[in-house]
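Quick notes on the structure that follows.
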Amino acid sequence: MSAPQIILHHYAFSPYAEKVRLALGLKGLAWHSVDVAMMPPRPLLDPLSGGYRRIPVLQVGADIYCDTHAILPALERLAPEPSLYPGLVAPLAEGLTYGLERDLWLAVIGVTVHFAGDLPEAFLRDRKDDYLYVDISHGAMEPDFARNAQRVAAWTAWLTQALADGRPFLAGDRAGVVDLAHYHLLWLMRGGGRAGSVDRLLGLAPLHGWIERVAALGHGRPQEMAAEAALEAARTAEPAPVEAANAVPDLVAAAPGDAVTVTPDDFARVPVDGRLVAVEAGRIVIRRDDPQVGALHLHFPRAGFTVARG
Ligand SMILES: N[C@@H](CCC(=O)N[C@@H](CS)C(=O)NCC(=O)O)C(=O)O
């Protein structure tokens, strides 16, 4: 049997996509790269994502993984070695990195914008109205700069202390998700020629060895793919059977087969509708029947998403 085709829908500047690209590098995987626009409309992704609007999205045939906390566990199941979770069991590593990203995302954007200045008007409007619900223009973020910078500095000081004993990676000798989740936040701030200013502000020189080691994981073996070919890959595939110990919590009040919506509870709160397949400790799976591509399973992490009767 041929290896499943891994397709990543992403754009170059996306830090969360960088986290996944590095995971593909850590595992040394071959994958297909579908370039998407930095903001909607994304008409060739919508049939797969059901309107989930964040990037990245991972596709394996007719299985669609939304959010890096669904994507990385999926990659781990597809290619268990080398593991993304050395030294920490997967749920713990996912839980910790989920908390880290949530806590720091807007502060990291504040530091980035401080050095980057204003981004294009249409981009700022999209991020405010349909993604972050916060105005991330330079003028709007700047009054909070000191607070944001202190939060980020407290975190990078921890990071520096954690690596002070000379360990190559955060959990020891091998790189893992914990490294990737810390790294991609730094990657956003330090990108676009900002590394010198950000490193001076936060005193990041001691982290340079670790930053280079994580970057050296690379991106695996990407090969460009047209969005139309990805749609065709979904159309000609069936979703993989879900082996789930269904543990639908009372809070959801829905049974497998019921119409439900799944919605991020933080940013880009666009509901995705479908029929419930499974809710487990760490994941939600729904089925969608799309007129263009047929049956799909969409996989979401539990953390950060709500499920409601449709
Ligand atoms: N919790 C999500 C966050 C993803 C996220 O916020 N991605 C950013 C790009 S790095 C995004 O979607 N921005 C808005 C957009 O591209 O439409 C994850 O882990 O995947």
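Quick note on naming: the chains in the structure tokens go A, B, ... in the order shown, residues restart at 1 in each chain, and ligands are numbered from 1 in order of appearance.
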
Surroundings of ligand 1 up to 9 Å, based on only C-alpha atoms and all ligand atoms, as a PyMOL selection string = chain A and resi 10-11+13-20+36-40+53-57+66-71+98+101-102+105+126-127+130-132+188+264+266-268+304

Neighbours of Pro86 in chain A within 8 Å (only C-alpha atoms; same-chain residues fewer than 4 positions away dropped), as JSON, numbers by chain?
-> {"A": [171, 174, 175, 176]}

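Distances to Ala3 in chain A were evaluated for A:Gly166, A:Pro47, A:Gly61, A:Pro241 using only C-alpha atoms, and the minimum falls at A:Gly61.
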
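Restricting the calculation to only C-alpha atoms, the smallest distance between Val272 in chain A and any of A:Arg194, A:Ala157, A:Asp46, A:Asp173 is found for A:Asp46.
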